[in-house]
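Shown below: start10.pdb, with PDB, C-alpha atoms.
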```pdb
ATOM      1  CA  MET M 288     224.365 134.164  68.579  1.00  0.00           C
ATOM      2  CA  VAL M 289     223.244 131.039  66.817  1.00  0.00           C
ATOM      3  CA  GLY M 290     224.470 127.467  66.529  1.00  0.00           C
ATOM      4  CA  PHE M 291     223.571 125.273  63.553  1.00  0.00           C
ATOM      5  CA  ASP M 292     224.382 122.116  61.615  1.00  0.00           C
ATOM      6  CA  THR M 293     226.013 122.916  58.307  1.00  0.00           C
ATOM      7  CA  THR M 294     225.059 119.799  56.355  1.00  0.00           C
ATOM      8  CA  ILE M 295     221.961 117.650  56.654  1.00  0.00           C
ATOM      9  CA  LEU M 296     221.678 114.420  54.692  1.00  0.00           C
ATOM     10  CA  PRO M 297     218.452 113.546  52.855  1.00  0.00           C
ATOM     11  CA  GLY M 298     215.790 112.364  55.289  1.00  0.00           C
ATOM     12  CA  ARG M 299     217.819 113.510  58.292  1.00  0.00           C
ATOM     13  CA  GLU M 300     217.226 116.191  60.860  1.00  0.00           C
ATOM     14  CA  GLY M 301     219.537 118.937  61.985  1.00  0.00           C
ATOM     15  CA  SER M 302     219.204 121.710  64.493  1.00  0.00           C
ATOM     16  CA  ILE M 303     219.402 125.482  64.426  1.00  0.00           C
ATOM     17  CA  THR M 304     219.687 127.067  67.839  1.00  0.00           C
ATOM     18  CA  PRO M 305     219.255 130.814  68.094  1.00  0.00           C
ATOM     19  CA  GLU M 306     220.151 132.312  71.438  1.00  0.00           C
ATOM     20  CA  VAL M 307     218.760 135.611  72.696  1.00  0.00           C
ATOM     21  CA  ASN M 308     220.826 137.637  75.128  1.00  0.00           C
ATOM     22  CA  LEU M 309     218.408 138.667  77.847  1.00  0.00           C
ATOM     23  CA  ALA M 310     220.795 140.923  79.734  1.00  0.00           C
ATOM     24  CA  LYS M 311     220.583 143.477  76.927  1.00  0.00           C
ATOM     25  CA  ALA M 312     216.875 143.033  76.305  1.00  0.00           C
ATOM     26  CA  HIS M 313     214.207 145.435  77.467  1.00  0.00           C
ATOM     27  CA  GLY M 314     211.026 144.319  79.145  1.00  0.00           C
ATOM     28  CA  GLY M 315     207.929 143.493  77.144  1.00  0.00           C
ATOM     29  CA  THR M 316     207.038 141.179  74.306  1.00  0.00           C
ATOM     30  CA  PHE M 317     209.442 140.888  71.409  1.00  0.00           C
ATOM     31  CA  SER M 318     210.581 138.569  68.643  1.00  0.00           C
ATOM     32  CA  LYS M 319     214.057 137.687  67.514  1.00  0.00           C
ATOM     33  CA  CYS M 320     214.382 136.196  64.051  1.00  0.00           C
ATOM     34  CA  VAL M 321     217.136 134.540  62.076  1.00  0.00           C
ATOM     35  CA  THR M 322     217.421 133.880  58.351  1.00  0.00           C
ATOM     36  CA  VAL M 323     218.682 130.447  57.383  1.00  0.00           C
ATOM     37  CA  SER M 324     220.354 130.523  53.968  1.00  0.00           C
ATOM     38  CA  SER M 325     220.795 127.137  52.331  1.00  0.00           C
ATOM     39  CA  ASN M 326     220.745 125.356  49.010  1.00  0.00           C
ATOM     40  CA  ALA M 327     217.159 124.184  49.677  1.00  0.00           C
ATOM     41  CA  ARG M 328     215.030 124.225  46.552  1.00  0.00           C
ATOM     42  CA  ASN M 329     211.839 125.168  48.393  1.00  0.00           C
ATOM     43  CA  LYS M 330     213.126 127.897  50.710  1.00  0.00           C
ATOM     44  CA  PRO M 331     216.636 129.230  50.120  1.00  0.00           C
ATOM     45  CA  ASP M 332     215.917 131.763  52.880  1.00  0.00           C
ATOM     46  CA  LEU M 333     214.014 130.313  55.806  1.00  0.00           C
ATOM     47  CA  HIS M 334     212.971 132.687  58.580  1.00  0.00           C
ATOM     48  CA  LEU M 335     212.798 131.348  62.114  1.00  0.00           C
ATOM     49  CA  CYS M 336     211.455 133.493  64.961  1.00  0.00           C
ATOM     50  CA  VAL M 337     211.482 133.151  68.716  1.00  0.00           C
ATOM     51  CA  LYS M 338     208.910 135.217  70.559  1.00  0.00           C
ATOM     52  CA  MET M 339     208.927 135.882  74.286  1.00  0.00           C
ATOM     53  CA  THR M 340     207.722 138.208  76.973  1.00  0.00           C
ATOM     54  CA  LEU M 341     210.394 139.455  79.299  1.00  0.00           C
ATOM     55  CA  LYS M 342     209.139 140.511  82.678  1.00  0.00           C
ATOM     56  CA  VAL M 343     211.369 142.922  84.525  1.00  0.00           C
ATOM     57  CA  PRO M 344     211.193 142.845  88.334  1.00  0.00           C
ATOM     58  CA  LEU M 345     210.799 146.591  88.500  1.00  0.00           C
ATOM     59  CA  ALA M 346     210.440 148.952  85.575  1.00  0.00           C
ATOM     60  CA  ALA M 347     209.984 152.689  85.321  1.00  0.00           C
ATOM     61  CA  ASN M 348     207.620 154.010  82.705  1.00  0.00           C
ATOM     62  CA  PRO M 349     208.638 156.195  80.991  1.00  0.00           C
ATOM     63  CA  ASP M 350     212.214 154.996  81.354  1.00  0.00           C
ATOM     64  CA  TYR M 351     213.493 158.454  80.509  1.00  0.00           C
ATOM     65  CA  ILE M 352     212.395 160.774  83.294  1.00  0.00           C
ATOM     66  CA  GLN M 353     211.714 164.421  82.662  1.00  0.00           C
ATOM     67  CA  MET M 354     210.986 166.772  85.579  1.00  0.00           C
ATOM     68  CA  ARG M 355     209.138 169.985  84.884  1.00  0.00           C
ATOM     69  CA  ARG M 356     208.098 172.875  87.069  1.00  0.00           C
ATOM     70  CA  SER M 357     204.601 172.431  88.423  1.00  0.00           C
ATOM     71  CA  LYS M 358     202.150 175.085  89.611  1.00  0.00           C
ATOM     72  CA  SER M 359     203.631 174.896  93.099  1.00  0.00           C
ATOM     73  CA  GLY M 360     206.942 176.098  91.659  1.00  0.00           C
ATOM     74  CA  LYS M 361     208.724 172.810  92.292  1.00  0.00           C
ATOM     75  CA  PHE M 362     210.115 170.481  89.665  1.00  0.00           C
ATOM     76  CA  GLU M 363     207.942 167.395  89.627  1.00  0.00           C
ATOM     77  CA  VAL M 364     207.162 164.297  87.647  1.00  0.00           C
ATOM     78  CA  GLU M 365     204.893 161.318  88.026  1.00  0.00           C
ATOM     79  CA  ILE M 366     206.038 157.982  86.689  1.00  0.00           C
ATOM     80  CA  THR M 367     204.694 154.442  86.825  1.00  0.00           C
ATOM     81  CA  LEU M 368     206.646 151.711  88.558  1.00  0.00           C
ATOM     82  CA  SER M 369     205.589 148.288  87.302  1.00  0.00           C
ATOM     83  CA  THR M 370     206.541 145.345  89.456  1.00  0.00           C
ATOM     84  CA  ASP M 371     205.548 141.849  90.484  1.00  0.00           C
ATOM     85  CA  LYS M 372     205.858 142.886  94.125  1.00  0.00           C
ATOM     86  CA  PRO M 373     202.560 143.655  95.892  1.00  0.00           C
ATOM     87  CA  ASP M 374     204.288 145.308  98.870  1.00  0.00           C
ATOM     88  CA  LEU M 375     206.752 147.623  97.187  1.00  0.00           C
ATOM     89  CA  VAL M 376     208.373 150.252  99.371  1.00  0.00           C
ATOM     90  CA  VAL M 377     210.491 153.041  97.943  1.00  0.00           C
ATOM     91  CA  LYS M 378     213.241 153.952 100.371  1.00  0.00           C
ATOM     92  CA  GLU M 379     215.045 156.690  98.518  1.00  0.00           C
ATOM     93  CA  ALA M 380     214.979 158.621  95.267  1.00  0.00           C
ATOM     94  CA  THR M 381     217.929 160.656  94.057  1.00  0.00           C
ATOM     95  CA  PHE M 382     219.016 162.597  91.007  1.00  0.00           C
ATOM     96  CA  LYS M 383     222.671 162.932  90.084  1.00  0.00           C
ATOM     97  CA  SER M 384     223.584 165.488  87.448  1.00  0.00           C
ATOM     98  CA  SER M 385     226.137 164.250  85.009  1.00  0.00           C
ATOM     99  CA  GLN M 386     225.889 166.997  82.481  1.00  0.00           C
ATOM    100  CA  GLY M 387     224.673 170.539  82.697  1.00  0.00           C
ATOM    101  CA  THR M 388     224.397 173.324  80.236  1.00  0.00           C
ATOM    102  CA  GLY M 389     225.730 176.786  80.804  1.00  0.00           C
ATOM    103  CA  PRO M 390     228.638 178.103  82.839  1.00  0.00           C
ATOM    104  CA  ASN M 391     228.065 175.912  85.895  1.00  0.00           C
ATOM    105  CA  GLN M 392     228.930 172.607  84.225  1.00  0.00           C
ATOM    106  CA  ALA M 393     231.823 171.801  86.504  1.00  0.00           C
ATOM    107  CA  ALA M 394     229.618 172.348  89.531  1.00  0.00           C
ATOM    108  CA  TRP M 395     227.005 169.921  88.247  1.00  0.00           C
ATOM    109  CA  LEU M 396     229.599 167.275  87.548  1.00  0.00           C
ATOM    110  CA  SER M 397     231.033 167.381  91.033  1.00  0.00           C
ATOM    111  CA  SER M 398     227.726 167.735  92.806  1.00  0.00           C
ATOM    112  CA  LEU M 399     226.373 165.114  95.161  1.00  0.00           C
ATOM    113  CA  PRO M 400     223.111 163.405  94.265  1.00  0.00           C
ATOM    114  CA  ASP M 401     220.050 165.447  95.177  1.00  0.00           C
ATOM    115  CA  HIS M 402     217.591 163.693  97.386  1.00  0.00           C
ATOM    116  CA  LEU M 403     214.162 163.915  95.885  1.00  0.00           C
ATOM    117  CA  MET M 404     210.914 163.933  97.777  1.00  0.00           C
ATOM    118  CA  PHE M 405     208.586 161.173  96.691  1.00  0.00           C
ATOM    119  CA  THR M 406     205.170 159.694  97.223  1.00  0.00           C
ATOM    120  CA  LEU M 407     204.300 156.178  96.155  1.00  0.00           C
ATOM    121  CA  THR M 408     200.687 155.291  95.481  1.00  0.00           C
ATOM    122  CA  LYS M 409     199.707 151.667  95.368  1.00  0.00           C
ATOM    123  CA  PRO M 410     197.097 150.583  92.825  1.00  0.00           C
ATOM    124  CA  ASP M 411     193.853 149.043  94.071  1.00  0.00           C
ATOM    125  CA  LYS M 412     194.446 145.867  92.163  1.00  0.00           C
ATOM    126  CA  PRO M 413     197.059 144.348  89.870  1.00  0.00           C
ATOM    127  CA  THR M 414     196.766 144.491  86.090  1.00  0.00           C
ATOM    128  CA  ALA M 415     195.451 141.527  84.092  1.00  0.00           C
ATOM    129  CA  ASP M 416     198.959 140.054  83.738  1.00  0.00           C
ATOM    130  CA  GLY M 417     199.575 140.217  87.486  1.00  0.00           C
ATOM    131  CA  SER M 418     201.791 143.279  87.581  1.00  0.00           C
ATOM    132  CA  TRP M 419     201.342 146.119  90.073  1.00  0.00           C
ATOM    133  CA  ASP M 420     201.498 149.580  88.545  1.00  0.00           C
ATOM    134  CA  TYR M 421     202.445 152.001  91.294  1.00  0.00           C
ATOM    135  CA  LYS M 422     202.427 155.743  90.780  1.00  0.00           C
ATOM    136  CA  LEU M 423     205.594 157.439  91.951  1.00  0.00           C
ATOM    137  CA  LYS M 424     205.605 161.187  92.252  1.00  0.00           C
ATOM    138  CA  LEU M 425     209.032 162.768  92.474  1.00  0.00           C
ATOM    139  CA  SER M 426     209.736 166.358  93.381  1.00  0.00           C
ATOM    140  CA  GLU M 427     212.911 168.382  93.622  1.00  0.00           C
ATOM    141  CA  ASP M 428     213.363 170.658  96.632  1.00  0.00           C
ATOM    142  CA  ILE M 429     215.720 172.999  94.834  1.00  0.00           C
ATOM    143  CA  VAL M 430     213.628 175.604  93.087  1.00  0.00           C
ATOM    144  CA  ASP M 431     216.394 177.792  91.760  1.00  0.00           C
ATOM    145  CA  ILE M 432     217.428 175.853  88.679  1.00  0.00           C
ATOM    146  CA  LYS M 433     218.193 177.950  85.640  1.00  0.00           C
ATOM    147  CA  GLU M 434     219.547 175.462  83.110  1.00  0.00           C
ATOM    148  CA  ASN M 435     218.554 171.987  82.050  1.00  0.00           C
ATOM    149  CA  ARG M 436     220.263 169.366  84.159  1.00  0.00           C
ATOM    150  CA  PHE M 437     220.862 165.977  82.648  1.00  0.00           C
ATOM    151  CA  GLY M 438     221.682 162.976  84.746  1.00  0.00           C
ATOM    152  CA  GLU M 439     220.585 159.774  86.345  1.00  0.00           C
ATOM    153  CA  PHE M 440     217.702 159.049  88.643  1.00  0.00           C
ATOM    154  CA  THR M 441     218.119 156.256  91.184  1.00  0.00           C
ATOM    155  CA  ILE M 442     215.147 154.735  92.937  1.00  0.00           C
ATOM    156  CA  VAL M 443     216.009 152.564  95.919  1.00  0.00           C
ATOM    157  CA  SER M 444     213.320 150.099  96.876  1.00  0.00           C
ATOM    158  CA  ASN M 445     212.775 146.926  98.862  1.00  0.00           C
ATOM    159  CA  HIS M 446     212.652 144.805  95.706  1.00  0.00           C
ATOM    160  CA  PRO M 447     215.145 141.971  96.286  1.00  0.00           C
ATOM    161  CA  ASP M 448     215.865 141.476  92.561  1.00  0.00           C
ATOM    162  CA  MET M 449     216.353 145.141  91.796  1.00  0.00           C
ATOM    163  CA  PRO M 450     217.161 147.182  94.906  1.00  0.00           C
ATOM    164  CA  GLU M 451     218.371 150.074  92.751  1.00  0.00           C
ATOM    165  CA  LEU M 452     216.491 151.108  89.660  1.00  0.00           C
ATOM    166  CA  LYS M 453     218.379 153.568  87.488  1.00  0.00           C
ATOM    167  CA  ALA M 454     216.879 155.750  84.790  1.00  0.00           C
ATOM    168  CA  ASN M 455     218.293 158.588  82.770  1.00  0.00           C
ATOM    169  CA  GLY M 456     216.501 161.859  82.504  1.00  0.00           C
ATOM    170  CA  PHE M 457     216.708 165.544  83.118  1.00  0.00           C
ATOM    171  CA  ILE M 458     215.312 168.523  84.905  1.00  0.00           C
ATOM    172  CA  ASP M 459     213.730 170.520  82.149  1.00  0.00           C
ATOM    173  CA  VAL M 460     213.666 174.294  82.299  1.00  0.00           C
ATOM    174  CA  SER M 461     213.380 174.776  78.548  1.00  0.00           C
ATOM    175  CA  ALA M 462     209.649 175.426  78.757  1.00  0.00           C
ATOM    176  CA  GLU M 463     210.303 178.376  81.091  1.00  0.00           C
ATOM    177  CA  THR M 464     213.197 179.935  79.211  1.00  0.00           C
ATOM    178  CA  LYS M 465     211.063 180.064  76.076  1.00  0.00           C
ATOM    179  CA  LYS M 466     208.608 182.441  77.735  1.00  0.00           C
TER     180      LYS M 466
ATOM    181  CA  MET I  62     204.824  87.948  26.396  1.00  0.00           C
ATOM    182  CA  LYS I  63     203.018  89.340  29.425  1.00  0.00           C
ATOM    183  CA  LYS I  64     206.088  88.707  31.507  1.00  0.00           C
ATOM    184  CA  THR I  65     208.324  90.536  29.048  1.00  0.00           C
ATOM    185  CA  LEU I  66     205.963  93.523  29.005  1.00  0.00           C
ATOM    186  CA  ALA I  67     205.862  93.614  32.776  1.00  0.00           C
ATOM    187  CA  THR I  68     209.654  93.481  32.944  1.00  0.00           C
ATOM    188  CA  LEU I  69     209.928  96.264  30.402  1.00  0.00           C
ATOM    189  CA  PHE I  70     207.447  98.341  32.364  1.00  0.00           C
ATOM    190  CA  VAL I  71     209.348  97.862  35.605  1.00  0.00           C
ATOM    191  CA  MET I  72     212.618  98.741  33.905  1.00  0.00           C
ATOM    192  CA  ALA I  73     211.054 101.826  32.391  1.00  0.00           C
ATOM    193  CA  MET I  74     209.736 102.878  35.782  1.00  0.00           C
ATOM    194  CA  LEU I  75     213.150 102.381  37.317  1.00  0.00           C
ATOM    195  CA  LEU I  76     214.496 104.859  34.812  1.00  0.00           C
ATOM    196  CA  VAL I  77     211.636 107.350  34.907  1.00  0.00           C
ATOM    197  CA  VAL I  78     210.638 107.430  38.579  1.00  0.00           C
ATOM    198  CA  PRO I  79     214.011 108.479  40.035  1.00  0.00           C
ATOM    199  CA  ALA I  80     214.247 111.283  37.482  1.00  0.00           C
ATOM    200  CA  ALA I  81     210.735 112.473  38.414  1.00  0.00           C
ATOM    201  CA  CYS I  82     211.526 112.239  42.153  1.00  0.00           C
ATOM    202  CA  LYS I  83     214.729 114.194  41.908  1.00  0.00           C
ATOM    203  CA  THR I  84     213.792 117.099  44.145  1.00  0.00           C
ATOM    204  CA  GLY I  85     217.146 118.344  45.304  1.00  0.00           C
ATOM    205  CA  PRO I  86     217.595 119.431  48.904  1.00  0.00           C
ATOM    206  CA  MET I  87     214.403 120.538  50.655  1.00  0.00           C
ATOM    207  CA  ILE I  88     214.129 122.208  54.033  1.00  0.00           C
ATOM    208  CA  SER I  89     211.212 121.786  56.389  1.00  0.00           C
ATOM    209  CA  VAL I  90     210.531 122.819  59.951  1.00  0.00           C
ATOM    210  CA  ASP I  91     207.526 122.097  62.199  1.00  0.00           C
ATOM    211  CA  SER I  92     207.031 125.693  63.171  1.00  0.00           C
ATOM    212  CA  GLU I  93     208.745 128.821  61.926  1.00  0.00           C
ATOM    213  CA  GLU I  94     207.744 130.793  64.992  1.00  0.00           C
ATOM    214  CA  VAL I  95     207.753 129.645  68.607  1.00  0.00           C
ATOM    215  CA  ASN I  96     206.572 131.466  71.684  1.00  0.00           C
ATOM    216  CA  LEU I  97     208.727 130.908  74.746  1.00  0.00           C
ATOM    217  CA  GLY I  98     206.156 132.558  77.001  1.00  0.00           C
ATOM    218  CA  THR I  99     207.037 134.806  79.909  1.00  0.00           C
ATOM    219  CA  ILE I 100     210.552 134.918  81.284  1.00  0.00           C
ATOM    220  CA  LYS I 101     211.489 136.828  84.420  1.00  0.00           C
ATOM    221  CA  GLN I 102     214.475 139.071  83.866  1.00  0.00           C
ATOM    222  CA  GLY I 103     217.460 138.163  85.975  1.00  0.00           C
ATOM    223  CA  THR I 104     216.584 134.473  86.138  1.00  0.00           C
ATOM    224  CA  LYS I 105     218.359 133.614  82.884  1.00  0.00           C
ATOM    225  CA  ALA I 106     221.222 135.262  80.997  1.00  0.00           C
ATOM    226  CA  SER I 107     219.896 134.057  77.663  1.00  0.00           C
ATOM    227  CA  ALA I 108     217.038 132.186  76.058  1.00  0.00           C
ATOM    228  CA  LYS I 109     217.687 129.377  73.580  1.00  0.00           C
ATOM    229  CA  TYR I 110     215.438 127.416  71.327  1.00  0.00           C
ATOM    230  CA  VAL I 111     216.373 124.397  69.211  1.00  0.00           C
ATOM    231  CA  PHE I 112     214.597 124.382  65.839  1.00  0.00           C
ATOM    232  CA  LYS I 113     214.611 120.923  64.275  1.00  0.00           C
ATOM    233  CA  VAL I 114     214.930 121.249  60.533  1.00  0.00           C
ATOM    234  CA  LYS I 115     214.525 118.273  58.258  1.00  0.00           C
ATOM    235  CA  ASN I 116     215.940 117.684  54.834  1.00  0.00           C
ATOM    236  CA  THR I 117     212.898 116.254  53.024  1.00  0.00           C
ATOM    237  CA  GLY I 118     214.692 116.317  49.685  1.00  0.00           C
ATOM    238  CA  ASP I 119     216.928 113.736  48.098  1.00  0.00           C
ATOM    239  CA  SER I 120     220.293 115.398  48.109  1.00  0.00           C
ATOM    240  CA  VAL I 121     222.494 116.956  50.758  1.00  0.00           C
ATOM    241  CA  LEU I 122     221.198 120.164  52.310  1.00  0.00           C
ATOM    242  CA  VAL I 123     223.957 122.657  52.951  1.00  0.00           C
ATOM    243  CA  ILE I 124     223.279 125.513  55.337  1.00  0.00           C
ATOM    244  CA  ARG I 125     225.575 128.312  54.336  1.00  0.00           C
ATOM    245  CA  ASP I 126     224.723 130.943  56.841  1.00  0.00           C
ATOM    246  CA  VAL I 127     222.351 131.812  59.675  1.00  0.00           C
ATOM    247  CA  ARG I 128     222.161 135.510  60.375  1.00  0.00           C
ATOM    248  CA  PRO I 129     219.970 137.745  62.490  1.00  0.00           C
ATOM    249  CA  GLY I 130     216.958 139.339  60.856  1.00  0.00           C
TER     250      GLY I 130
END
```
Is it possible to give me this structure as structure tokens?
Amino acid sequence: MVGFDTTILPGREGSITPEVNLAKAHGGTFSKCVTVSSNARNKPDLHLCVKMTLKVPLAANPDYIQMRRSKSGKFEVEITLSTDKPDLVVKEATFKSSQGTGPNQAAWLSSLPDHLMFTLTKPDKPTADGSWDYKLKLSEDIVDIKENRFGEFTIVSNHPDMPELKANGFIDVSAETKK
Amino acid sequence: MKKTLATLFVMAMLLVVPAACKTGPMISVDSEEVNLGTIKQGTKASAKYVFKVKNTGDSVLVIRDVRPG
């Protein structure tokens, strides 16, 4: 979205106001640019860029979670939770299948979210930009999973700005079936 | 005689200078890229910045279109 003056008299000033929708934006540093097309002799196409760093209150990295079977036989994954909160507490972690492969699809769709076991490890100190990168280890109690299960992970924490962090992902058995 | 020459010179300049200065519309902006710094997500729905563009030329600047990219 951008607002602008259509005509500017000689010697006068006008404004061009690009607006960046932050609700749709991901965290991190990014630029949004616009091209201003006019009858200007010097620059018929003028590029204007707005750069910013969007800090999310709580972010999962990677934001697509993939659980694989570990040596213990359980499905596990370790992700990083980046936050501005130095006293983060994870209260609950669940996985809800929304799509399965194979004959049990209907069962996955109707299933209740699985409660995952988790351990949260706090870093010794924050990163240079003041964010705390916690390690969150998730593990699935159910061992007997035969097909990939796609769905949504929900991490419930004590973060007031983002009490529920949602991330898509799947429980990956493809590595085993290949053997 | 001197006065006549001076008058002629001024008249000539009046004819020549505007033609030489005819630049057409010219666009100028202080900075083509601005950094808004760090914004906390959830505190604002959108981020705006007002670029002031000046027409430094001598005829009307018409902005046809502003598009992303």
Expected selection from the ChimeraX specification (/M :<7) & /I, given as JSON, numbers by chain:
{"I": [85, 86, 87, 88, 93, 94, 95, 96, 97, 98, 99, 100, 101, 102, 106, 107, 108, 109, 110, 111, 112, 113, 114, 115, 116, 117, 118, 119, 120, 121, 122, 123, 124, 125, 126, 127, 128, 129, 130]}
Written as a ChimeraX atom specification, what is the full residue list that the PyMOL selection byres ((chain M and resi 456) around 12) yields on the file shown?
/M:347-355,364,366,381-387,435-441,453-455,457-459
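Between atom CA of Pro447 of chain M and atom CA of Ala346 of chain M the interatomic distance comes to 13.6 Å.
The coordinates place atom CA of His402 of chain M at 14.3 Å from atom CA of Ser444 of chain M.
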Would you mind reading off the distance between atom CA of Gly360 of chain M and atom CA of Lys378 of chain M, one decimal, in Å?
24.6 Å
Neighbour list for Leu423 of chain M as number ranges by chain, cut-off 9 Å, all atoms listed in the file, skip fewer than 4 positions in-chain
M: 364-368, 377, 405-409
Asp420 of chain M proximity check over M:Lys361, M:Lys372, M:Lys433, M:His446, using all atoms listed in the file: winner is M:Lys372
Once 3 Å is added on each side, what centre and edge lengths in Å to one decimal does the axis-aligned box around all listed atoms of segment 349-357 of chain M have, as JSON?
```
{"center_x": 209.0, "center_y": 163.9, "center_z": 84.5, "size_x": 14.9, "size_y": 23.9, "size_z": 13.9}
```
